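*Asks:* JSON, C-alpha atoms, file work_10.json:
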```json
[["chain", "number", "residue", "atom", "x", "y", "z"],
["A", 21, "MET", "CA", 79.57, 193.44, 209.28],
["A", 22, "ASN", "CA", 82.33, 195.05, 211.34],
["A", 23, "ASP", "CA", 85.73, 195.08, 209.58],
["A", 24, "LEU", "CA", 87.38, 193.59, 212.68],
["A", 25, "PHE", "CA", 85.51, 190.39, 211.91],
["A", 26, "ARG", "CA", 86.60, 190.15, 208.28],
["A", 27, "TYR", "CA", 89.66, 188.60, 206.73],
["A", 28, "PRO", "CA", 92.51, 189.34, 207.24],
["A", 29, "SER", "CA", 91.73, 190.86, 210.65],
["A", 30, "ALA", "CA", 89.83, 187.66, 211.40],
["A", 31, "PRO", "CA", 90.61, 184.14, 210.13],
["A", 32, "GLY", "CA", 89.30, 183.30, 206.69],
["A", 33, "ALA", "CA", 87.29, 180.22, 205.79],
["A", 34, "GLN", "CA", 86.21, 178.24, 202.77],
["A", 35, "ALA", "CA", 82.53, 177.75, 202.00],
["A", 36, "ARG", "CA", 82.38, 174.52, 204.00],
["A", 37, "ASP", "CA", 80.99, 173.95, 207.46],
["A", 38, "THR", "CA", 84.24, 172.43, 208.77],
["A", 39, "SER", "CA", 86.31, 175.34, 207.46],
["A", 40, "GLN", "CA", 83.96, 177.90, 208.98],
["A", 41, "ALA", "CA", 83.94, 176.03, 212.29],
["A", 42, "ALA", "CA", 87.75, 176.03, 212.36],
["A", 43, "ALA", "CA", 87.86, 179.78, 211.61],
["A", 44, "ASP", "CA", 85.29, 180.47, 214.31],
["A", 45, "GLN", "CA", 87.24, 178.38, 216.82],
["A", 46, "ILE", "CA", 90.60, 180.11, 216.21],
["A", 47, "ALA", "CA", 89.16, 183.64, 215.87],
["A", 48, "PRO", "CA", 89.45, 184.58, 219.58],
["A", 49, "THR", "CA", 93.14, 183.62, 219.71],
["A", 50, "ALA", "CA", 94.27, 184.60, 216.19],
["A", 51, "PRO", "CA", 95.41, 188.10, 217.27],
["A", 52, "GLN", "CA", 97.40, 186.56, 220.14],
["A", 53, "LEU", "CA", 99.09, 184.25, 217.63],
["A", 54, "ARG", "CA", 99.76, 186.95, 215.04],
["A", 55, "ALA", "CA", 101.55, 189.22, 217.54],
["A", 56, "PRO", "CA", 104.31, 186.80, 218.59],
["A", 57, "ALA", "CA", 104.64, 185.50, 215.02],
["A", 58, "LEU", "CA", 105.24, 189.05, 213.82],
["A", 59, "ALA", "CA", 107.70, 189.71, 216.65],
["A", 60, "VAL", "CA", 109.74, 186.61, 215.74],
["A", 61, "VAL", "CA", 109.86, 187.59, 212.06],
["A", 62, "GLU", "CA", 110.82, 191.18, 212.97],
["A", 63, "ARG", "CA", 113.80, 189.93, 214.97],
["A", 64, "SER", "CA", 115.05, 187.74, 212.12],
["A", 65, "ASN", "CA", 116.57, 187.98, 208.68],
["A", 66, "GLY", "CA", 113.56, 186.07, 207.36],
["A", 67, "LEU", "CA", 111.83, 182.88, 208.45],
["A", 68, "THR", "CA", 109.57, 180.24, 206.96],
["A", 69, "ALA", "CA", 106.27, 179.46, 208.64],
["A", 70, "ASP", "CA", 107.77, 176.22, 209.95],
["A", 71, "GLU", "CA", 110.65, 178.16, 211.50],
["A", 72, "VAL", "CA", 108.28, 180.67, 213.12],
["A", 73, "ALA", "CA", 106.15, 177.85, 214.53],
["A", 74, "GLY", "CA", 109.27, 176.09, 215.83],
["A", 75, "ARG", "CA", 110.59, 179.18, 217.57],
["A", 76, "LEU", "CA", 107.21, 179.73, 219.20],
["A", 77, "GLY", "CA", 106.68, 176.06, 220.07],
["A", 78, "LEU", "CA", 103.36, 176.11, 218.22],
["A", 79, "SER", "CA", 101.74, 174.08, 215.47],
["A", 80, "ILE", "CA", 102.47, 175.04, 211.89],
["A", 81, "LEU", "CA", 98.72, 174.67, 211.32],
["A", 82, "SER", "CA", 98.04, 177.59, 213.66],
["A", 83, "ILE", "CA", 100.95, 179.76, 212.47],
["A", 84, "ARG", "CA", 100.92, 179.44, 208.67],
["A", 85, "PRO", "CA", 97.50, 181.14, 208.31],
["A", 86, "ARG", "CA", 98.54, 183.89, 210.71],
["A", 87, "LEU", "CA", 101.53, 184.74, 208.48],
["A", 88, "THR", "CA", 99.21, 184.94, 205.48],
["A", 89, "GLU", "CA", 96.97, 187.28, 207.49],
["A", 90, "LEU", "CA", 100.00, 189.37, 208.48],
["A", 91, "ALA", "CA", 100.97, 189.60, 204.82],
["A", 92, "GLN", "CA", 97.47, 190.76, 203.89],
["A", 93, "LEU", "CA", 97.67, 193.33, 206.70],
["A", 94, "GLY", "CA", 100.94, 194.66, 205.28],
["A", 95, "LYS", "CA", 103.08, 193.61, 208.26],
["A", 96, "VAL", "CA", 105.22, 190.94, 206.53],
["A", 97, "ARG", "CA", 106.00, 190.11, 202.94],
["A", 98, "ALA", "CA", 107.49, 187.27, 200.97],
["A", 99, "GLY", "CA", 111.18, 188.09, 200.96],
["A", 100, "GLY", "CA", 111.84, 186.46, 197.62],
["A", 101, "GLY", "CA", 113.75, 183.55, 199.06],
["A", 102, "ARG", "CA", 112.61, 179.99, 199.56],
["A", 103, "ARG", "CA", 113.84, 177.32, 201.97],
["A", 104, "LYS", "CA", 112.92, 173.70, 202.40],
["A", 105, "ASN", "CA", 110.39, 173.10, 205.15],
["A", 106, "ARG", "CA", 109.98, 169.96, 207.26],
["A", 107, "SER", "CA", 108.13, 168.21, 204.46],
["A", 108, "GLY", "CA", 111.00, 168.92, 202.06],
["A", 109, "ARG", "CA", 109.03, 171.41, 199.98],
["A", 110, "ASN", "CA", 110.06, 174.96, 199.22],
["A", 111, "ALA", "CA", 108.49, 177.47, 201.61],
["A", 112, "ILE", "CA", 108.21, 181.23, 201.52],
["A", 113, "VAL", "CA", 110.73, 183.11, 203.62],
["A", 114, "TRP", "CA", 108.76, 185.87, 205.34],
["A", 115, "VAL", "CA", 110.43, 189.17, 206.16],
["A", 116, "PRO", "CA", 109.02, 192.15, 208.06],
["A", 117, "VAL", "CA", 107.76, 195.13, 206.12],
["A", 118, "PHE", "CA", 109.07, 197.38, 208.90],
["A", 119, "PRO", "CA", 111.71, 195.57, 210.95],
["A", 120, "ALA", "CA", 111.42, 196.14, 214.70],
["A", 121, "ARG", "CA", 114.81, 197.84, 214.76],
["A", 122, "LEU", "CA", 113.47, 200.49, 212.36],
["A", 123, "GLN", "CA", 110.02, 201.01, 213.85],
["A", 124, "GLY", "CA", 111.24, 203.61, 216.32],
["A", 125, "GLN", "CA", 112.74, 205.57, 213.43],
["A", 126, "ARG", "CA", 109.53, 205.84, 211.35],
["A", 127, "GLN", "CA", 107.17, 208.61, 212.33]]
```
I need this file expressed as structure tokens, please.
*Replies:*
Amino acid sequence: MNDLFRYPSAPGAQARDTSQAAADQIAPTAPQLRAPALAVVERSNGLTADEVAGRLGLSILSIRPRLTELAQLGKVRAGGGRRKNRSGRNAIVWVPVFPARLQGQRQ
């Protein structure tokens, strides 16, 4: 199987038909969701998945997995902090591995 079609480059799924169907359905748009999610995190001092989804006007259900994929791809990392999300639970604050303001300096 081509690596472009494997997690984290492609959405992951559990060993259930509904999970696989959901992964298959989001697969064509996952890269287009990861890119703006990464851009929002890069322009911040750290955001939770709820905050990223809010800034993009998208569902947390479509953004949270993209941040996990971005973390697996080495683009973002858990910044160590936690903030309450909309449900009142502690959520990871994601920070960029290479902030946008520094990307032009690496090479």
*Asks:* Could you check which of A:Ala41, A:Val113, A:Ala69, A:Ala35 is closest to Arg86 (chain A), using only C-alpha atoms?
*Replies:*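 Of A:Ala41, A:Val113, A:Ala69, A:Ala35, the one nearest Arg86 (chain A) is A:Ala69, counting only C-alpha atoms.
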*Asks:* Looking at A:Arg103, A:Arg26, A:Arg109, A:Arg84, which one is nearest to Gly66 (chain A), with distances taken over all atoms listed in the file?
*Replies:* A:Arg103
*Asks:* What is the CA of Thr88 (chain A) to CA of Asp37 (chain A) distance in Å?
*Replies:* 21.4 Å
*Asks:* Record the distance separating CA of Gly32 (chain A) and CA of Lys95 (chain A), expressed in Å with one decimal.
*Replies:*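 Here the two named atoms are 17.3 Å from each other.
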*Asks:* Give me, please, the distance in Å between CA of Glu71 (chain A) and CA of Arg106 (chain A), quoted to one decimal.
*Replies:*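 These two atoms are separated by 9.3 Å.
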